[in-house]
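coords.cif (mmCIF, N, CA, C and O atoms)
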```cif
data_start
loop_
_atom_site.label_atom_id
_atom_site.label_comp_id
_atom_site.auth_asym_id
_atom_site.auth_seq_id
_atom_site.Cartn_x
_atom_site.Cartn_y
_atom_site.Cartn_z
N SER T 980 0.84 -1.19 0.00
CA SER T 980 0.00 0.00 0.00
C SER T 980 0.88 1.26 0.00
O SER T 980 2.06 1.20 0.35
N LEU T 981 0.30 2.37 -0.33
CA LEU T 981 1.04 3.63 -0.33
C LEU T 981 1.47 4.02 1.08
O LEU T 981 2.56 4.55 1.29
N ALA T 982 0.63 3.71 2.06
CA ALA T 982 0.99 4.02 3.45
C ALA T 982 2.23 3.22 3.87
O ALA T 982 3.15 3.77 4.49
N GLU T 983 2.28 1.95 3.50
CA GLU T 983 3.44 1.12 3.83
C GLU T 983 4.68 1.61 3.08
O GLU T 983 5.79 1.59 3.62
N ARG T 984 4.52 2.02 1.85
CA ARG T 984 5.65 2.55 1.08
C ARG T 984 6.20 3.82 1.74
O ARG T 984 7.40 4.01 1.84
N GLY T 985 5.30 4.68 2.21
CA GLY T 985 5.74 5.89 2.92
C GLY T 985 6.53 5.55 4.16
O GLY T 985 7.57 6.14 4.44
N LYS T 986 6.05 4.56 4.92
CA LYS T 986 6.76 4.13 6.12
C LYS T 986 8.12 3.54 5.78
O LYS T 986 9.11 3.79 6.49
N ARG T 987 8.21 2.76 4.70
CA ARG T 987 9.51 2.20 4.29
C ARG T 987 10.48 3.30 3.91
O ARG T 987 11.67 3.23 4.24
N CYS T 988 10.00 4.33 3.21
CA CYS T 988 10.87 5.45 2.83
C CYS T 988 11.42 6.15 4.07
O CYS T 988 12.64 6.39 4.16
N ILE T 989 10.56 6.48 5.01
CA ILE T 989 11.00 7.18 6.23
C ILE T 989 11.96 6.29 7.02
O ILE T 989 12.97 6.77 7.54
N ARG T 990 11.67 5.01 7.11
CA ARG T 990 12.56 4.08 7.80
C ARG T 990 13.94 4.07 7.13
O ARG T 990 14.97 4.11 7.79
N PHE T 991 13.96 4.03 5.79
CA PHE T 991 15.22 4.06 5.05
C PHE T 991 16.00 5.34 5.35
O PHE T 991 17.20 5.30 5.62
N PHE T 992 15.32 6.48 5.30
CA PHE T 992 15.99 7.75 5.58
C PHE T 992 16.57 7.76 6.99
O PHE T 992 17.70 8.18 7.21
N SER T 993 15.78 7.30 7.97
CA SER T 993 16.25 7.35 9.35
C SER T 993 17.39 6.37 9.61
O SER T 993 18.24 6.63 10.45
N GLU T 994 17.42 5.27 8.89
CA GLU T 994 18.49 4.29 9.09
C GLU T 994 19.78 4.67 8.37
O GLU T 994 20.86 4.26 8.78
N THR T 995 19.68 5.42 7.29
CA THR T 995 20.87 5.72 6.49
C THR T 995 21.42 7.13 6.71
O THR T 995 22.59 7.37 6.42
N ALA T 996 20.60 8.04 7.21
CA ALA T 996 21.07 9.41 7.43
C ALA T 996 22.02 9.46 8.61
O ALA T 996 21.82 8.79 9.61
N LYS T 997 23.04 10.25 8.46
CA LYS T 997 23.99 10.45 9.56
C LYS T 997 23.45 11.53 10.49
O LYS T 997 22.70 12.39 10.08
N GLU T 998 23.86 11.47 11.74
CA GLU T 998 23.43 12.46 12.73
C GLU T 998 23.76 13.87 12.24
O GLU T 998 24.88 14.13 11.79
N GLY T 999 22.78 14.76 12.25
CA GLY T 999 22.98 16.14 11.83
C GLY T 999 22.87 16.35 10.33
O GLY T 999 22.94 17.48 9.85
N GLU T 1000 22.70 15.29 9.57
CA GLU T 1000 22.61 15.41 8.12
C GLU T 1000 21.23 15.94 7.72
O GLU T 1000 20.22 15.59 8.32
N HIS T 1001 21.20 16.77 6.71
CA HIS T 1001 19.95 17.30 6.18
C HIS T 1001 19.61 16.54 4.91
O HIS T 1001 20.46 16.37 4.04
N LEU T 1002 18.38 16.10 4.79
CA LEU T 1002 17.92 15.40 3.61
C LEU T 1002 16.85 16.21 2.91
O LEU T 1002 16.00 16.81 3.56
N MET T 1003 16.89 16.21 1.61
CA MET T 1003 15.82 16.83 0.83
C MET T 1003 15.11 15.71 0.09
O MET T 1003 15.74 14.93 -0.61
N VAL T 1004 13.81 15.64 0.28
CA VAL T 1004 13.00 14.62 -0.37
C VAL T 1004 12.02 15.32 -1.29
O VAL T 1004 11.33 16.24 -0.87
N VAL T 1005 11.97 14.89 -2.52
CA VAL T 1005 11.04 15.46 -3.50
C VAL T 1005 9.98 14.42 -3.80
O VAL T 1005 10.29 13.25 -4.01
N SER T 1006 8.73 14.86 -3.79
CA SER T 1006 7.63 13.91 -3.95
C SER T 1006 6.51 14.53 -4.77
O SER T 1006 6.32 15.74 -4.77
N HIS T 1007 5.74 13.68 -5.40
CA HIS T 1007 4.48 14.12 -6.00
C HIS T 1007 3.50 14.36 -4.87
O HIS T 1007 3.57 13.73 -3.81
N GLY T 1008 2.59 15.28 -5.09
CA GLY T 1008 1.63 15.64 -4.05
C GLY T 1008 0.80 14.47 -3.57
O GLY T 1008 0.49 14.38 -2.38
N SER T 1009 0.43 13.57 -4.46
CA SER T 1009 -0.42 12.46 -4.04
C SER T 1009 0.29 11.53 -3.06
O SER T 1009 -0.34 10.95 -2.18
N PHE T 1010 1.61 11.39 -3.15
CA PHE T 1010 2.36 10.52 -2.24
C PHE T 1010 2.83 11.29 -1.00
O PHE T 1010 3.11 10.69 0.04
N PHE T 1011 2.87 12.60 -1.10
CA PHE T 1011 3.36 13.43 0.00
C PHE T 1011 2.63 13.16 1.30
O PHE T 1011 3.22 13.07 2.37
N GLY T 1012 1.32 13.03 1.23
CA GLY T 1012 0.53 12.79 2.43
C GLY T 1012 0.97 11.53 3.17
O GLY T 1012 1.00 11.50 4.40
N TYR T 1013 1.32 10.52 2.42
CA TYR T 1013 1.78 9.27 3.05
C TYR T 1013 3.16 9.45 3.67
O TYR T 1013 3.44 8.91 4.74
N LEU T 1014 4.02 10.21 3.02
CA LEU T 1014 5.34 10.47 3.58
C LEU T 1014 5.25 11.27 4.87
O LEU T 1014 5.91 10.96 5.86
N ILE T 1015 4.43 12.31 4.87
CA ILE T 1015 4.34 13.17 6.05
C ILE T 1015 3.70 12.42 7.22
O ILE T 1015 4.11 12.57 8.37
N ARG T 1016 2.70 11.59 6.92
CA ARG T 1016 2.10 10.76 7.98
C ARG T 1016 3.17 9.87 8.62
O ARG T 1016 3.25 9.76 9.84
N ALA T 1017 3.97 9.23 7.77
CA ALA T 1017 5.01 8.32 8.26
C ALA T 1017 6.08 9.09 9.03
O ALA T 1017 6.54 8.65 10.08
N ALA T 1018 6.49 10.24 8.52
CA ALA T 1018 7.53 11.03 9.17
C ALA T 1018 7.10 11.51 10.55
O ALA T 1018 7.91 11.56 11.47
N LEU T 1019 5.83 11.86 10.68
CA LEU T 1019 5.33 12.36 11.95
C LEU T 1019 4.78 11.25 12.84
O LEU T 1019 4.44 11.49 14.00
N GLY T 1020 4.67 10.04 12.27
CA GLY T 1020 4.18 8.91 13.06
C GLY T 1020 2.71 9.03 13.41
O GLY T 1020 2.30 8.64 14.49
N ILE T 1021 1.91 9.58 12.49
CA ILE T 1021 0.48 9.73 12.76
C ILE T 1021 -0.33 8.85 11.82
O ILE T 1021 0.03 8.66 10.67
N GLU T 1022 -1.39 8.33 12.34
CA GLU T 1022 -2.31 7.51 11.55
C GLU T 1022 -3.51 8.38 11.18
O GLU T 1022 -4.14 8.97 12.06
N LEU T 1023 -3.77 8.48 9.91
CA LEU T 1023 -4.93 9.24 9.44
C LEU T 1023 -5.68 8.37 8.43
O LEU T 1023 -5.07 7.52 7.77
N PRO T 1024 -6.96 8.60 8.28
CA PRO T 1024 -7.71 7.81 7.29
C PRO T 1024 -7.19 8.08 5.87
O PRO T 1024 -6.66 9.16 5.59
N GLU T 1025 -7.32 7.09 5.01
CA GLU T 1025 -6.88 7.22 3.62
C GLU T 1025 -7.56 8.40 2.93
O GLU T 1025 -7.03 8.97 1.99
N THR T 1026 -8.72 8.78 3.40
CA THR T 1026 -9.47 9.87 2.77
C THR T 1026 -8.99 11.25 3.20
O THR T 1026 -9.44 12.25 2.66
N PHE T 1027 -8.07 11.31 4.19
CA PHE T 1027 -7.55 12.60 4.65
C PHE T 1027 -6.71 13.22 3.54
O PHE T 1027 -5.83 12.58 2.99
N CYS T 1028 -6.98 14.47 3.21
CA CYS T 1028 -6.27 15.16 2.13
C CYS T 1028 -5.34 16.21 2.73
O CYS T 1028 -5.78 17.09 3.47
N TRP T 1029 -4.05 16.12 2.42
CA TRP T 1029 -3.06 17.06 2.91
C TRP T 1029 -2.87 18.13 1.83
O TRP T 1029 -2.63 17.80 0.67
N GLN T 1030 -2.96 19.42 2.18
CA GLN T 1030 -2.78 20.51 1.23
C GLN T 1030 -1.34 20.58 0.77
O GLN T 1030 -0.43 20.70 1.59
N VAL T 1031 -1.12 20.45 -0.52
CA VAL T 1031 0.23 20.49 -1.08
C VAL T 1031 0.21 21.37 -2.32
O VAL T 1031 -0.36 20.99 -3.34
N ASP T 1032 0.80 22.56 -2.22
CA ASP T 1032 0.90 23.43 -3.39
C ASP T 1032 2.13 23.05 -4.21
O ASP T 1032 3.09 22.48 -3.69
N ASN T 1033 2.08 23.35 -5.50
CA ASN T 1033 3.23 23.08 -6.36
C ASN T 1033 4.47 23.78 -5.82
O ASN T 1033 4.41 24.95 -5.43
N CYS T 1034 5.57 23.09 -5.80
CA CYS T 1034 6.88 23.62 -5.41
C CYS T 1034 6.94 24.06 -3.95
O CYS T 1034 7.79 24.88 -3.59
N CYS T 1035 6.05 23.56 -3.12
CA CYS T 1035 6.07 23.97 -1.71
C CYS T 1035 7.21 23.28 -0.97
O CYS T 1035 7.76 22.29 -1.41
N VAL T 1036 7.54 23.86 0.16
CA VAL T 1036 8.56 23.30 1.04
C VAL T 1036 7.89 22.95 2.37
O VAL T 1036 7.17 23.77 2.93
N THR T 1037 8.13 21.74 2.82
CA THR T 1037 7.68 21.31 4.14
C THR T 1037 8.90 20.76 4.85
O THR T 1037 9.67 20.01 4.26
N ARG T 1038 9.09 21.16 6.08
CA ARG T 1038 10.27 20.70 6.82
C ARG T 1038 9.83 19.94 8.06
O ARG T 1038 9.02 20.42 8.85
N VAL T 1039 10.40 18.75 8.21
CA VAL T 1039 10.21 17.95 9.42
C VAL T 1039 11.58 17.81 10.06
O VAL T 1039 12.53 17.38 9.41
N ILE T 1040 11.68 18.21 11.30
CA ILE T 1040 12.91 18.00 12.06
C ILE T 1040 12.77 16.62 12.69
O ILE T 1040 11.88 16.38 13.50
N TYR T 1041 13.61 15.73 12.23
CA TYR T 1041 13.48 14.33 12.58
C TYR T 1041 14.77 13.86 13.23
O TYR T 1041 15.82 13.82 12.61
N ARG T 1042 14.67 13.56 14.51
CA ARG T 1042 15.83 13.09 15.27
C ARG T 1042 15.53 11.71 15.80
O ARG T 1042 14.40 11.42 16.19
N LYS T 1043 16.54 10.88 15.87
CA LYS T 1043 16.34 9.49 16.28
C LYS T 1043 15.75 9.35 17.67
O LYS T 1043 14.97 8.46 17.93
N ASP T 1044 16.11 10.22 18.59
CA ASP T 1044 15.67 10.07 19.98
C ASP T 1044 14.65 11.13 20.39
O ASP T 1044 14.56 11.47 21.57
N ALA T 1045 13.90 11.66 19.43
CA ALA T 1045 12.93 12.71 19.76
C ALA T 1045 11.67 12.55 18.90
O ALA T 1045 11.68 11.86 17.89
N ILE T 1046 10.63 13.21 19.33
CA ILE T 1046 9.40 13.22 18.56
C ILE T 1046 9.62 14.11 17.34
O ILE T 1046 10.14 15.22 17.47
N PRO T 1047 9.24 13.66 16.13
CA PRO T 1047 9.40 14.50 14.95
C PRO T 1047 8.63 15.82 15.10
O PRO T 1047 7.57 15.86 15.71
N LYS T 1048 9.20 16.88 14.55
CA LYS T 1048 8.59 18.21 14.67
C LYS T 1048 8.34 18.77 13.28
O LYS T 1048 9.26 18.88 12.46
N LEU T 1049 7.10 19.11 12.99
CA LEU T 1049 6.74 19.77 11.74
C LEU T 1049 7.02 21.26 11.94
O LEU T 1049 6.32 21.94 12.68
N SER T 1050 8.09 21.77 11.32
CA SER T 1050 8.48 23.16 11.58
C SER T 1050 8.07 24.11 10.47
O SER T 1050 7.96 25.30 10.71
N VAL T 1051 7.86 23.60 9.26
CA VAL T 1051 7.39 24.41 8.14
C VAL T 1051 6.46 23.52 7.31
O VAL T 1051 6.80 22.37 7.04
N ALA T 1052 5.30 24.04 6.93
CA ALA T 1052 4.37 23.26 6.14
C ALA T 1052 3.86 24.06 4.95
O ALA T 1052 3.41 25.19 5.11
N ASN T 1053 3.99 23.47 3.77
CA ASN T 1053 3.43 24.03 2.54
C ASN T 1053 3.88 25.48 2.29
O ASN T 1053 3.11 26.32 1.84
N PHE T 1054 5.13 25.77 2.54
CA PHE T 1054 5.68 27.12 2.36
C PHE T 1054 5.90 27.39 0.87
O PHE T 1054 6.53 26.60 0.17
N VAL T 1055 5.37 28.52 0.37
CA VAL T 1055 5.54 28.87 -1.04
C VAL T 1055 6.08 30.29 -1.22
O VAL T 1055 6.14 30.80 -2.34
N GLY T 1056 6.50 30.94 -0.14
CA GLY T 1056 6.99 32.31 -0.21
C GLY T 1056 8.18 32.48 -1.15
O GLY T 1056 8.38 33.55 -1.71
N HIS T 1057 8.97 31.42 -1.33
CA HIS T 1057 10.14 31.49 -2.21
C HIS T 1057 9.75 31.61 -3.69
O HIS T 1057 10.58 31.94 -4.52
N LEU T 1058 8.48 31.36 -4.02
CA LEU T 1058 8.04 31.41 -5.41
C LEU T 1058 7.66 32.81 -5.87
O LEU T 1058 7.49 33.05 -7.05
N TYR T 1059 7.51 33.71 -4.93
CA TYR T 1059 7.03 35.05 -5.24
C TYR T 1059 8.06 36.08 -4.79
O TYR T 1059 8.89 35.81 -3.94
N ASP T 1060 7.98 37.25 -5.34
CA ASP T 1060 8.94 38.31 -5.00
C ASP T 1060 8.45 39.05 -3.75
O ASP T 1060 8.19 40.24 -3.78
N THR T 1061 8.34 38.31 -2.66
CA THR T 1061 7.85 38.90 -1.41
C THR T 1061 8.97 39.13 -0.41
O THR T 1061 8.78 39.78 0.60
N GLY T 1062 10.14 38.53 -0.69
CA GLY T 1062 11.24 38.63 0.25
C GLY T 1062 11.17 37.59 1.34
O GLY T 1062 12.05 37.50 2.20
N ASP T 1063 10.08 36.80 1.35
CA ASP T 1063 9.96 35.74 2.35
C ASP T 1063 11.01 34.67 2.11
O ASP T 1063 11.33 34.34 0.98
N GLU T 1064 11.54 34.16 3.19
CA GLU T 1064 12.50 33.06 3.11
C GLU T 1064 12.01 31.92 3.98
O GLU T 1064 11.25 32.12 4.92
N ILE T 1065 12.46 30.75 3.67
CA ILE T 1065 12.15 29.60 4.51
C ILE T 1065 12.81 29.85 5.85
O ILE T 1065 14.01 30.18 5.90
N PRO T 1066 12.06 29.76 6.94
CA PRO T 1066 12.67 30.00 8.25
C PRO T 1066 13.88 29.12 8.49
O PRO T 1066 13.91 27.96 8.12
N LYS T 1067 14.91 29.71 9.07
CA LYS T 1067 16.15 28.98 9.34
C LYS T 1067 15.94 28.00 10.48
O LYS T 1067 15.06 28.17 11.32
N LEU T 1068 16.75 26.96 10.50
CA LEU T 1068 16.68 25.98 11.59
C LEU T 1068 17.20 26.58 12.87
O LEU T 1068 18.02 27.40 12.92
#
```
Serialized structure, structure tokens:
Amino acid sequence: SLAERGKRCIRFFSETAKEGEHLMVVSHGSFFGYLIRAALGIELPETFCWQVDNCCVTRVIYRKDAIPKLSVANFVGHLYDTGDEIPKL
């Protein structure tokens, strides 16, 4: 299932990433919801729709010994001449 595939992806990232390493994951919007559910460890019904704009940035701070933190969601300020930047870590 797509939910299981999302969990396998997150498990792979967490097992292979080095401490302090930053990963960038690019996904189609339809699969994004499954990735974010797995990254945050939340169970949602298959019918739950996650808002994903084209070229958006979502950041999850994911540490092995901590609860994952959604720090930026669906950020699109970088697409427009607004001067907005993705918040720094």
- Test item: residues at most 6 Å from T:Gly985, all atoms listed in the file, excluding those fewer than 5 positions along its chain, as a PyMOL selection string: chain T and resi 980+990+1013-1014+1017-1018
Would you write out those residues with N, CA, C and O atoms, as an mmCIF file, in the frame of the given file?
```cif
data_model
loop_
_atom_site.group_PDB
_atom_site.id
_atom_site.type_symbol
_atom_site.label_atom_id
_atom_site.label_comp_id
_atom_site.auth_asym_id
_atom_site.auth_seq_id
_atom_site.Cartn_x
_atom_site.Cartn_y
_atom_site.Cartn_z
ATOM 1 N N SER T 980 0.840 -1.190 0.000
ATOM 2 C CA SER T 980 0.000 0.000 0.000
ATOM 3 C C SER T 980 0.880 1.260 0.000
ATOM 4 O O SER T 980 2.060 1.200 0.350
ATOM 5 N N ARG T 990 11.670 5.010 7.110
ATOM 6 C CA ARG T 990 12.560 4.080 7.800
ATOM 7 C C ARG T 990 13.940 4.070 7.130
ATOM 8 O O ARG T 990 14.970 4.110 7.790
ATOM 9 N N TYR T 1013 1.320 10.520 2.420
ATOM 10 C CA TYR T 1013 1.780 9.270 3.050
ATOM 11 C C TYR T 1013 3.160 9.450 3.670
ATOM 12 O O TYR T 1013 3.440 8.910 4.740
ATOM 13 N N LEU T 1014 4.020 10.210 3.020
ATOM 14 C CA LEU T 1014 5.340 10.470 3.580
ATOM 15 C C LEU T 1014 5.250 11.270 4.870
ATOM 16 O O LEU T 1014 5.910 10.960 5.860
ATOM 17 N N ALA T 1017 3.970 9.230 7.770
ATOM 18 C CA ALA T 1017 5.010 8.320 8.260
ATOM 19 C C ALA T 1017 6.080 9.090 9.030
ATOM 20 O O ALA T 1017 6.540 8.650 10.080
ATOM 21 N N ALA T 1018 6.490 10.240 8.520
ATOM 22 C CA ALA T 1018 7.530 11.030 9.170
ATOM 23 C C ALA T 1018 7.100 11.510 10.550
ATOM 24 O O ALA T 1018 7.910 11.560 11.470
#
```
- Item | Residue neighbourhood T:Cys1028, 8 Å, only C-alpha atoms, exclusion window fewer than 2 positions, as a PyMOL selection string | chain T and resi 1012+1026+1030
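Residues captured in this structure file are Gln1030, Val1031, Arg1042, Lys1043, Ala1045, Ile1046, Pro1047, Lys1048, Leu1049, Ser1050, Val1051, Ala1052, Asn1053, Phe1054 and Val1055 of chain T, according to the PyMOL selection byres ((chain T and resi 1032-1041) around 6).
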- To one decimal in Å, tell me the separation between atom C of T:Ile1021 and atom N of T:Glu1000.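 Going from atom C of T:Ile1021 over to atom N of T:Glu1000 covers 24.0 Å.
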DSSP strand (DSSP E) residues within chain T, listed as a short mmCIF file (atom, residue, chain, number, x, y, z; two decimals) with N, CA, C and O atoms, in the coordinates of the input:
```
data_model
loop_
_atom_site.label_atom_id
_atom_site.label_comp_id
_atom_site.auth_asym_id
_atom_site.auth_seq_id
_atom_site.Cartn_x
_atom_site.Cartn_y
_atom_site.Cartn_z
N VAL T 1036 7.54 23.86 0.16
CA VAL T 1036 8.56 23.30 1.04
C VAL T 1036 7.89 22.95 2.37
O VAL T 1036 7.17 23.77 2.93
N THR T 1037 8.13 21.74 2.82
CA THR T 1037 7.68 21.31 4.14
C THR T 1037 8.90 20.76 4.85
O THR T 1037 9.67 20.01 4.26
N ARG T 1038 9.09 21.16 6.08
CA ARG T 1038 10.27 20.70 6.82
C ARG T 1038 9.83 19.94 8.06
O ARG T 1038 9.02 20.42 8.85
N VAL T 1039 10.40 18.75 8.21
CA VAL T 1039 10.21 17.95 9.42
C VAL T 1039 11.58 17.81 10.06
O VAL T 1039 12.53 17.38 9.41
N ILE T 1040 11.68 18.21 11.30
CA ILE T 1040 12.91 18.00 12.06
C ILE T 1040 12.77 16.62 12.69
O ILE T 1040 11.88 16.38 13.50
N LYS T 1048 9.20 16.88 14.55
CA LYS T 1048 8.59 18.21 14.67
C LYS T 1048 8.34 18.77 13.28
O LYS T 1048 9.26 18.88 12.46
N LEU T 1049 7.10 19.11 12.99
CA LEU T 1049 6.74 19.77 11.74
C LEU T 1049 7.02 21.26 11.94
O LEU T 1049 6.32 21.94 12.68
N SER T 1050 8.09 21.77 11.32
CA SER T 1050 8.48 23.16 11.58
C SER T 1050 8.07 24.11 10.47
O SER T 1050 7.96 25.30 10.71
N VAL T 1051 7.86 23.60 9.26
CA VAL T 1051 7.39 24.41 8.14
C VAL T 1051 6.46 23.52 7.31
O VAL T 1051 6.80 22.37 7.04
N ALA T 1052 5.30 24.04 6.93
CA ALA T 1052 4.37 23.26 6.14
C ALA T 1052 3.86 24.06 4.95
O ALA T 1052 3.41 25.19 5.11
N ASN T 1053 3.99 23.47 3.77
CA ASN T 1053 3.43 24.03 2.54
C ASN T 1053 3.88 25.48 2.29
O ASN T 1053 3.11 26.32 1.84
N PHE T 1054 5.13 25.77 2.54
CA PHE T 1054 5.68 27.12 2.36
C PHE T 1054 5.90 27.39 0.87
O PHE T 1054 6.53 26.60 0.17
#
```
- Task: May I have all residues of chain T that DSSP, computed from the backbone, assigns to alpha helix (DSSP H), given as a PyMOL selection string?
- Result: chain T and resi 981-995+1008-1019
- Query: In Å, how far is it from atom N of T:Ile1015 to atom CA of T:Lys997?
  - Reply: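 Atom CA of T:Lys997 lies at a distance of 20.2 Å from atom N of T:Ile1015.
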Because some atoms of stretch 1037-1046 of chain T are absent here, can you restore all heavy atoms and send them as a tab-separated table (two decimals), in the coordinates of the input?
```
chain	number	residue	atom	x	y	z
T	1037	THR	N	8.13	21.74	2.82
T	1037	THR	CA	7.68	21.31	4.14
T	1037	THR	C	8.90	20.76	4.85
T	1037	THR	O	9.67	20.01	4.26
T	1037	THR	CB	6.59	20.23	4.02
T	1037	THR	OG1	5.45	20.81	3.39
T	1037	THR	CG2	6.19	19.68	5.37
T	1038	ARG	N	9.09	21.16	6.08
T	1038	ARG	CA	10.27	20.70	6.82
T	1038	ARG	C	9.83	19.94	8.06
T	1038	ARG	O	9.02	20.42	8.85
T	1038	ARG	CB	11.14	21.87	7.26
T	1038	ARG	CG	12.37	21.37	8.05
T	1038	ARG	CD	13.16	22.47	8.72
T	1038	ARG	NE	13.57	23.49	7.80
T	1038	ARG	CZ	13.56	24.80	8.10
T	1038	ARG	NH1	13.16	25.21	9.28
T	1038	ARG	NH2	13.96	25.68	7.23
T	1039	VAL	N	10.40	18.75	8.21
T	1039	VAL	CA	10.21	17.95	9.42
T	1039	VAL	C	11.58	17.81	10.06
T	1039	VAL	O	12.53	17.38	9.41
T	1039	VAL	CB	9.63	16.56	9.09
T	1039	VAL	CG1	9.53	15.72	10.36
T	1039	VAL	CG2	8.27	16.69	8.43
T	1040	ILE	N	11.68	18.21	11.30
T	1040	ILE	CA	12.91	18.00	12.06
T	1040	ILE	C	12.77	16.62	12.69
T	1040	ILE	O	11.88	16.38	13.50
T	1040	ILE	CB	13.12	19.10	13.11
T	1040	ILE	CG1	13.24	20.45	12.41
T	1040	ILE	CG2	14.36	18.80	13.95
T	1040	ILE	CD1	13.29	21.63	13.34
T	1041	TYR	N	13.61	15.73	12.23
T	1041	TYR	CA	13.48	14.33	12.58
T	1041	TYR	C	14.77	13.86	13.23
T	1041	TYR	O	15.82	13.82	12.61
T	1041	TYR	CB	13.22	13.54	11.29
T	1041	TYR	CG	12.84	12.11	11.49
T	1041	TYR	CD1	11.59	11.76	11.97
T	1041	TYR	CD2	13.72	11.10	11.18
T	1041	TYR	CE1	11.23	10.45	12.15
T	1041	TYR	CE2	13.37	9.78	11.35
T	1041	TYR	CZ	12.13	9.45	11.83
T	1041	TYR	OH	11.78	8.15	12.00
T	1042	ARG	N	14.67	13.56	14.51
T	1042	ARG	CA	15.83	13.09	15.27
T	1042	ARG	C	15.53	11.71	15.80
T	1042	ARG	O	14.40	11.42	16.19
T	1042	ARG	CB	16.15	14.06	16.39
T	1042	ARG	CG	16.57	15.42	15.86
T	1042	ARG	CD	16.99	16.33	17.00
T	1042	ARG	NE	17.48	17.59	16.47
T	1042	ARG	CZ	16.80	18.73	16.50
T	1042	ARG	NH1	15.61	18.79	17.05
T	1042	ARG	NH2	17.32	19.83	15.99
T	1043	LYS	N	16.54	10.88	15.87
T	1043	LYS	CA	16.34	9.49	16.28
T	1043	LYS	C	15.75	9.35	17.67
T	1043	LYS	O	14.97	8.46	17.93
T	1043	LYS	CB	17.65	8.72	16.17
T	1043	LYS	CG	18.09	8.55	14.75
T	1043	LYS	CD	19.34	7.73	14.63
T	1043	LYS	CE	19.79	7.75	13.19
T	1043	LYS	NZ	20.17	6.48	12.67
T	1044	ASP	N	16.11	10.22	18.59
T	1044	ASP	CA	15.67	10.07	19.98
T	1044	ASP	C	14.65	11.13	20.39
T	1044	ASP	O	14.56	11.47	21.57
T	1044	ASP	CB	16.88	10.13	20.92
T	1044	ASP	CG	17.84	8.98	20.66
T	1044	ASP	OD1	17.37	7.91	20.26
T	1044	ASP	OD2	19.04	9.16	20.85
T	1045	ALA	N	13.90	11.66	19.43
T	1045	ALA	CA	12.93	12.71	19.76
T	1045	ALA	C	11.67	12.55	18.90
T	1045	ALA	O	11.68	11.86	17.89
T	1045	ALA	CB	13.55	14.08	19.53
T	1046	ILE	N	10.63	13.21	19.33
T	1046	ILE	CA	9.40	13.22	18.56
T	1046	ILE	C	9.62	14.11	17.34
T	1046	ILE	O	10.14	15.22	17.47
T	1046	ILE	CB	8.24	13.77	19.42
T	1046	ILE	CG1	7.98	12.83	20.59
T	1046	ILE	CG2	6.99	13.97	18.59
T	1046	ILE	CD1	7.02	13.38	21.61
```
